Amino acid sequence: MKSGLSRALCVAGLGALLIATAGPGFAQQADREIVLGAIVPSSGPFAEWGRANTVTLQMIEKQINGGGGINGAKLRIAILDDATKPAQATNNLRKLAGDDKALAVAGPLTSSAAEVTFPVANEMKIVATSQASSKPGVAKLNRPWAFRNTIDEGVLGRTTVPYYKKSFNIKSVAIIFDAKDATAATVGSRIMPALMKENDIEVLNASDPLSFNTGDLDVSAQVTKMKALNPDGVVVSADYSQAVTVIREMKRQGMIKPVVGSTQLISSAILKAAPEIPIVAPATFYATMKGDKPEKFVNELQPLLRKTSGLPPEIEPSMYDANIYEIVSIYIDAIKATGVTGKPEDLETDRAKIRDYMAKLAGFPGLGGPIGFNDDGDAIKAFYILQGESGAWQSKVRGCSAAPGHPGC
Amino acid sequence: MMSTYYAGLLADVGILLLGALSVYIILATGQLSLGNAGFMGIGAYLTSYLTVTMGVPLTLALVIAAAASGAIGVIIGFPALRLRGIYLAMATLGFGEMVRSFFLNFDAMGGAGGFHGMRHVSLGYIWTWAAAILLLVAILEHSQIWLELRAVRDDETAAALVGLDTTTIKVGAFGFAAAVAAIAGGLFAHHHVYIEPGNFSFERSIDFVLAVILGGSTVGAGALVGALLLVMLPEHLRFLADWRFAVFGGLLIAMLLVRRQGILDRSLFRFFEFRRSA
């Protein structure tokens with residue numbers, strides 16, 4: 001009897017396997033529908049960013065369709081979760097490009113995912129624009145279909161580090177980074193040491209790099225080592241959720257030193273972890289930004305984010321929400337401006353039109369200022385050096401990622 | 001014609017199958033390795049170096065990487081002789097993390113920035129390797145060698161008393177498994193055309209073990225079933241949005257509760273053989 005039940009359950013298991021391998025019932029593209037794709041990490045380490053991106057995308061979809069759609073066609077944004085796994089991101093892009101016939105794709109979010117997804121975008125001849133990847137050279141390697149609505153961390157650091165040095169009279173630093181995060185590791189092990197050298201700041205642990213791994217909860221040993229070096233400041237290269245662990249530990253050990261980092265640090269949560277520790281980081285958008293466009297964006301999105309389950313009740317729109325909003329807005333503008341039909345027979349031509357529009361884009365009205373793209377596929381846009389003070393980000397310096405003499409920004 | 005999306009998923013299945021088989025081979029001797037992602041990483045980096053920097057044809061590069069990784073597997077296998085159960089699992093886990101950390105700091109292969117320049121391989125190429133190695137394992141399962149592996153797993157002391165060289169068997173299994181994992185790594189690198197140390201972390205090793213446990217740890221074909229489920233099921237649960245991984249985890253637990261030995265096992269094969277002969 002028991003073996004009979006076991007066999008039946010085994011057959012059920014095999015049945016589940018057959019269902020798992022059978023064709024999914026994804027929605028088919030309807031007539032007069034413009035399909036855009038998006039790849040966001042709604043699960044995994046960056047789930048908060050991915051879920052907030054999803055709400056942002058749903059908001060813009062509703063806004064566009066509420067306003068009559070795009071040239072009379074309904075906008076549909078097919079949003080897929082990559083779980084912060086590069087392999088899933090590539091499969092998502094293949095699905096969006098091949099099965100869903102999306103005209104262009106917003107995402108993926110991380111540099112690790114972009115590294116493997118952008119070659120597929122080139123292979124399938126579809127524009128993919130990352131909302132957060134800022135590791136140097138990722139889009140440049142995958143021209144002409146890869147773009148990033150972000151600025152290379154190396155470019156941002158050239159303005160961030162001199163401001164940090166001048167503001168806090170920094171002569172020496174200790175560097176700690178998340179070794180498991182490709183962007184954080186690159187910034188912490190290569191970009192920041194080089195920038196410190198350029199600015200005559202001594203890296204006290206240059207021969208003894210301090211690192212931790214994504215998910216580590218105890219960094220007390222690393223912080224103790226940094227404290228013993230007695231640096232004037234600390235470079236924390238990690239995404240905000242991991243950096244919070246380091247900054248909390250610094251506070252616990254009484255190491256109240258100014259912190260500098262990359263765009264990965266920008267979040268409201270990090271300022272609440274230790275308000276007495278000044279934090280300097282670059283951003284292309286921040287929730288308290290002044291101006292009609294950013295304020296309207298925040299006023300519309302923030303209530304939606306705060307009523308979404310799975311997101312913190314005090315959440316504010318992030319730079320990555322702004323970036324993905326801008327990416328979709330640029331795509332919509334491209335569709336309207338270049339006569340994209342959205343018809344299946346025109347798919348290849350339509351995608352090429354969007355690519356060409358993106359490559360020539362200049363002065364698109366973004367949330368933080370005009371946007372264009374350079375020859376490497378990275379955004380030419382304004383950025384701000386922010387300083388976290390008493391729990392809020394304050395803009396200290398406005399910069400531009402355009403080369404000197406370029407009309408961008 | 002198959003969509004590129006399904007082709008990508010099937011490529012992932014093929015690569016996971018090889019990783020799972022590498023765990024299965026070691027498991028056949030009663031040992032559990034949680035560090036096979038390390039061997040996969042060695043294979044991925046070495047194959048990529050050979051094809052991109054040295055211009056070696058991919059198939060030859062895979063064979064060289066498999067041989068090199070196999071040799072490392074044998075070296076790792078010797079200390080493993082002194083450890084059993086959870087202690088061996090922890091030691092192999094440490095090896096995997098050591099390999100990942102090595103490549104993180106190995107600037108010649110890109111370090112934290114990763115390595116690229118590989119040429120994309122077709123689904124057919126990946127599955128030629130996967131099917132060939134699955135077939136090889138299936139043939140081995142009906143050979144004297146596999147009986148010896150199982151004898152070591154069932155009772156190592158008794159196996160030694162009847163004259164089996166248990167050291168060679170256990171170390172050999174580690175070497176063979178390391179070679180298979182290296183091939184998985186080489187194919188992974190040339191499927192995704194970019195690798196970074198994070199690709200070969202502990203989570204990857206867990207995926208391999210999970211595929212074997214889920215599909216069935218007593219037959220090689222179980223690795224195929226496990227790989228199919230681990231890759232395909234989360235994709236087909238996308239309609240559950242943010243809940244898909246919670247449901248996926250629940251389904252795995254439910255599956256293991258009713259089939260502790262995995263979906264496929266020897267008794268199941270015997271059952272179907274009996275029905276056919278009847």
# chains A, B, ... in the order shown; residues from 1 in each chain; ligands from 1
>>> residues_around(residues="segment 83-86 of chain A", least_positions_apart="4", cutoff="8 Å", atoms="only C-alpha atoms", output="PyMOL selection string")
chain A and resi 40-47+90+110+112-114+116-117
>>> interface_residues(of="chain B", to="chain A", cutoff="9 Å", atoms="only C-alpha atoms", output="number ranges by chain")
B: 3-9, 12, 101, 104, 111-114, 116, 192-199, 201, 225, 228-229, 232-239, 241-243, 245, 255, 258-259, 262-264, 268
>>> write_last_selection(atoms="C-alpha atoms", output="PDB file, in the first residue's frame")
ATOM      1  CA  SER B   3      12.350  29.998 -29.028  1.00  0.00           C
ATOM      2  CA  THR B   4      15.652  31.479 -27.939  1.00  0.00           C
ATOM      3  CA  TYR B   5      14.164  31.741 -24.448  1.00  0.00           C
ATOM      4  CA  TYR B   6      13.661  27.980 -24.233  1.00  0.00           C
ATOM      5  CA  ALA B   7      17.045  27.420 -25.835  1.00  0.00           C
ATOM      6  CA  GLY B   8      18.603  29.529 -23.064  1.00  0.00           C
ATOM      7  CA  LEU B   9      16.750  27.594 -20.378  1.00  0.00           C
ATOM      8  CA  ASP B  12      21.139  26.182 -18.265  1.00  0.00           C
ATOM      9  CA  SER B 101      38.502  34.175  -3.371  1.00  0.00           C
ATOM     10  CA  LEU B 104      38.608  37.491  -6.927  1.00  0.00           C
ATOM     11  CA  GLY B 111      39.838  39.752 -10.579  1.00  0.00           C
ATOM     12  CA  ALA B 112      36.638  41.267  -9.260  1.00  0.00           C
ATOM     13  CA  GLY B 113      35.978  42.813 -12.676  1.00  0.00           C
ATOM     14  CA  GLY B 114      35.496  39.424 -14.303  1.00  0.00           C
ATOM     15  CA  HIS B 116      35.158  38.164 -21.064  1.00  0.00           C
ATOM     16  CA  HIS B 192      27.267  33.456 -20.909  1.00  0.00           C
ATOM     17  CA  VAL B 193      30.454  34.879 -22.535  1.00  0.00           C
ATOM     18  CA  TYR B 194      31.388  36.568 -19.247  1.00  0.00           C
ATOM     19  CA  ILE B 195      32.481  35.130 -15.905  1.00  0.00           C
ATOM     20  CA  GLU B 196      33.203  36.604 -12.500  1.00  0.00           C
ATOM     21  CA  PRO B 197      34.116  34.929  -9.203  1.00  0.00           C
ATOM     22  CA  GLY B 198      30.575  35.388  -7.875  1.00  0.00           C
ATOM     23  CA  ASN B 199      29.319  32.917 -10.497  1.00  0.00           C
ATOM     24  CA  SER B 201      29.941  30.697  -5.085  1.00  0.00           C
ATOM     25  CA  VAL B 225      15.257  15.344 -13.630  1.00  0.00           C
ATOM     26  CA  LEU B 228      15.066  20.230 -15.326  1.00  0.00           C
ATOM     27  CA  LEU B 229      12.954  20.964 -12.254  1.00  0.00           C
ATOM     28  CA  MET B 232      12.100  25.129 -15.414  1.00  0.00           C
ATOM     29  CA  LEU B 233       9.836  25.203 -12.369  1.00  0.00           C
ATOM     30  CA  PRO B 234      10.703  28.748 -11.163  1.00  0.00           C
ATOM     31  CA  GLU B 235      10.181  29.991 -14.742  1.00  0.00           C
ATOM     32  CA  HIS B 236       6.709  28.459 -14.856  1.00  0.00           C
ATOM     33  CA  LEU B 237       5.757  29.901 -11.497  1.00  0.00           C
ATOM     34  CA  ARG B 238       6.243  33.473 -12.722  1.00  0.00           C
ATOM     35  CA  PHE B 239       2.501  34.082 -12.601  1.00  0.00           C
ATOM     36  CA  ALA B 241       5.090  37.157  -9.039  1.00  0.00           C
ATOM     37  CA  ASP B 242       6.893  37.873  -5.755  1.00  0.00           C
ATOM     38  CA  TRP B 243       5.668  34.614  -4.227  1.00  0.00           C
ATOM     39  CA  PHE B 245      10.307  31.388  -4.869  1.00  0.00           C
ATOM     40  CA  MET B 255       8.360  16.670  -3.047  1.00  0.00           C
ATOM     41  CA  VAL B 258       6.870  12.214  -0.180  1.00  0.00           C
ATOM     42  CA  ARG B 259       9.967  11.087  -2.095  1.00  0.00           C
ATOM     43  CA  GLY B 262      14.269  11.850  -4.885  1.00  0.00           C
ATOM     44  CA  ILE B 263      11.903  11.535  -7.833  1.00  0.00           C
ATOM     45  CA  LEU B 264      13.845   8.737  -9.507  1.00  0.00           C
ATOM     46  CA  LEU B 268      11.220   2.874  -9.717  1.00  0.00           C
TER      47      LEU B 268
END
>>> residues_around(residues="Val173 of chain A", least_positions_apart="5", cutoff="7 Å", atoms="only C-alpha atoms", output="PyMOL selection string")
chain A and resi 202-204+231-235
>>> select_by_dssp(residues="segment 77-242 of chain B", states="strand (DSSP E or B)", output="PDB file with N, CA and C atoms, in the first residue's frame")
ATOM      1  N   PHE B 115      35.963  38.298 -16.385  1.00  0.00           N
ATOM      2  CA  PHE B 115      36.716  37.994 -17.611  1.00  0.00           C
ATOM      3  C   PHE B 115      35.725  37.791 -18.751  1.00  0.00           C
ATOM      4  N   HIS B 116      36.067  38.316 -19.907  1.00  0.00           N
ATOM      5  CA  HIS B 116      35.158  38.164 -21.064  1.00  0.00           C
ATOM      6  C   HIS B 116      35.971  37.984 -22.335  1.00  0.00           C
ATOM      7  N   TYR B 194      30.799  35.734 -20.285  1.00  0.00           N
ATOM      8  CA  TYR B 194      31.388  36.568 -19.247  1.00  0.00           C
ATOM      9  C   TYR B 194      31.363  35.769 -17.952  1.00  0.00           C
ATOM     10  N   ILE B 195      32.462  35.809 -17.210  1.00  0.00           N
ATOM     11  CA  ILE B 195      32.481  35.130 -15.905  1.00  0.00           C
ATOM     12  C   ILE B 195      33.075  36.063 -14.863  1.00  0.00           C
TER      13      ILE B 195
END
>>> residues_around(residues="Ile213 of chain B", least_positions_apart="3", cutoff="9 Å", atoms="only C-alpha atoms", output="ChimeraX atom specification")
/B:208-210,216-217,222-223,226,256,260-263
>>> write_last_selection(atoms="N, CA and C atoms", output="short mmCIF file (atom, residue, chain, number, x, y, z; two decimals), in the first residue's frame")
data_model
loop_
_atom_site.label_atom_id
_atom_site.label_comp_id
_atom_site.auth_asym_id
_atom_site.auth_seq_id
_atom_site.Cartn_x
_atom_site.Cartn_y
_atom_site.Cartn_z
N PHE B 208 23.78 22.33 -7.29
CA PHE B 208 24.18 21.00 -7.77
C PHE B 208 23.65 19.91 -6.84
N VAL B 209 23.86 20.12 -5.54
CA VAL B 209 23.44 19.11 -4.56
C VAL B 209 21.92 18.97 -4.58
N LEU B 210 21.24 20.11 -4.67
CA LEU B 210 19.78 20.10 -4.67
C LEU B 210 19.23 19.35 -5.87
N GLY B 216 16.98 12.50 -7.59
CA GLY B 216 17.23 11.12 -7.18
C GLY B 216 18.72 10.89 -7.07
N SER B 217 19.17 10.52 -5.86
CA SER B 217 20.61 10.43 -5.63
C SER B 217 21.16 9.03 -5.84
N GLY B 222 18.62 10.85 -12.31
CA GLY B 222 18.01 11.74 -11.32
C GLY B 222 18.56 13.16 -11.44
N ALA B 223 19.85 13.27 -11.79
CA ALA B 223 20.46 14.60 -11.95
C ALA B 223 19.77 15.37 -13.07
N GLY B 226 16.35 16.47 -11.77
CA GLY B 226 16.55 17.56 -10.81
C GLY B 226 16.92 18.86 -11.51
N LEU B 256 10.16 16.37 -1.42
CA LEU B 256 11.12 15.58 -0.66
C LEU B 256 10.44 14.83 0.50
N ARG B 260 11.61 10.92 -0.33
CA ARG B 260 12.85 11.25 0.37
C ARG B 260 14.07 10.91 -0.49
N GLN B 261 13.94 9.83 -1.27
CA GLN B 261 15.06 9.38 -2.10
C GLN B 261 15.16 10.13 -3.42
N GLY B 262 14.29 11.12 -3.62
CA GLY B 262 14.27 11.85 -4.89
C GLY B 262 13.22 11.28 -5.82
N ILE B 263 12.97 11.97 -6.93
CA ILE B 263 11.90 11.53 -7.83
C ILE B 263 12.23 10.18 -8.46
#
>>> atom_distance(atom1="atom CA of Leu103 of chain A", atom2="atom CA of Val328 of chain A")
11.1 Å
>>> closest_residue(among="A:Ala174, A:Met289, A:Val105, A:Leu271", to="Lys396 of chain A", atoms="only C-alpha atoms")
A:Met289
>>> residues_around(residues="Ala283 of chain A", least_positions_apart="4", cutoff="10 Å", atoms="only C-alpha atoms", output="PyMOL selection string")
chain A and resi 150-151+156+262-266+318-320+368+382-386+395+398
>>> closest_residue(among="A:Thr224, A:Leu75, A:Thr214, A:Val219", to="Ser329 of chain A", atoms="only C-alpha atoms")
A:Leu75
>>> residues_around(residues="segment 299-306 of chain A", least_positions_apart="2", cutoff="8 Å", atoms="only C-alpha atoms", output="number ranges by chain")
A: 52, 55-56, 59, 295-297, 308-309, 311-317
>>> select_by_dssp(residues="segment 134-302 of chain A", states="helix (DSSP H, G or I)", output="ChimeraX atom specification")
/A:140-142,153-168,182-198,220-229,240-252,263-265,268-273,292-302
>>> residues_around(residues="Val13 of chain B", least_positions_apart="5", cutoff="8 Å", atoms="only C-alpha atoms", output="MDAnalysis selection string")
chainID B and resid 224 227:228 231
>>> write_last_selection(atoms="C-alpha atoms", output="PDB file, in the first residue's frame")
ATOM      1  CA  LEU B 224      18.697  15.275 -15.253  1.00  0.00           C
ATOM      2  CA  ALA B 227      18.229  19.981 -13.232  1.00  0.00           C
ATOM      3  CA  LEU B 228      15.066  20.230 -15.326  1.00  0.00           C
ATOM      4  CA  VAL B 231      15.597  25.497 -13.969  1.00  0.00           C
TER       5      VAL B 231
END
>>> closest_residue(among="A:Pro108, A:Gly388, A:Pro365, A:Gly339", to="Asp292 of chain A", atoms="only C-alpha atoms")
A:Pro365
>>> closest_residue(among="B:Leu46, B:Ile183, B:Ala173, B:Val247", to="Leu16 of chain B", atoms="only C-alpha atoms")
B:Ile183
>>> atom_distance(atom1="atom CA of Thr54 of chain A", atom2="atom CA of Ile332 of chain A")
17.3 Å
>>> closest_residue(among="B:Arg270, B:Lys170, B:His142, B:Arg100", to="Gly35 of chain B", atoms="only C-alpha atoms")
B:Arg100
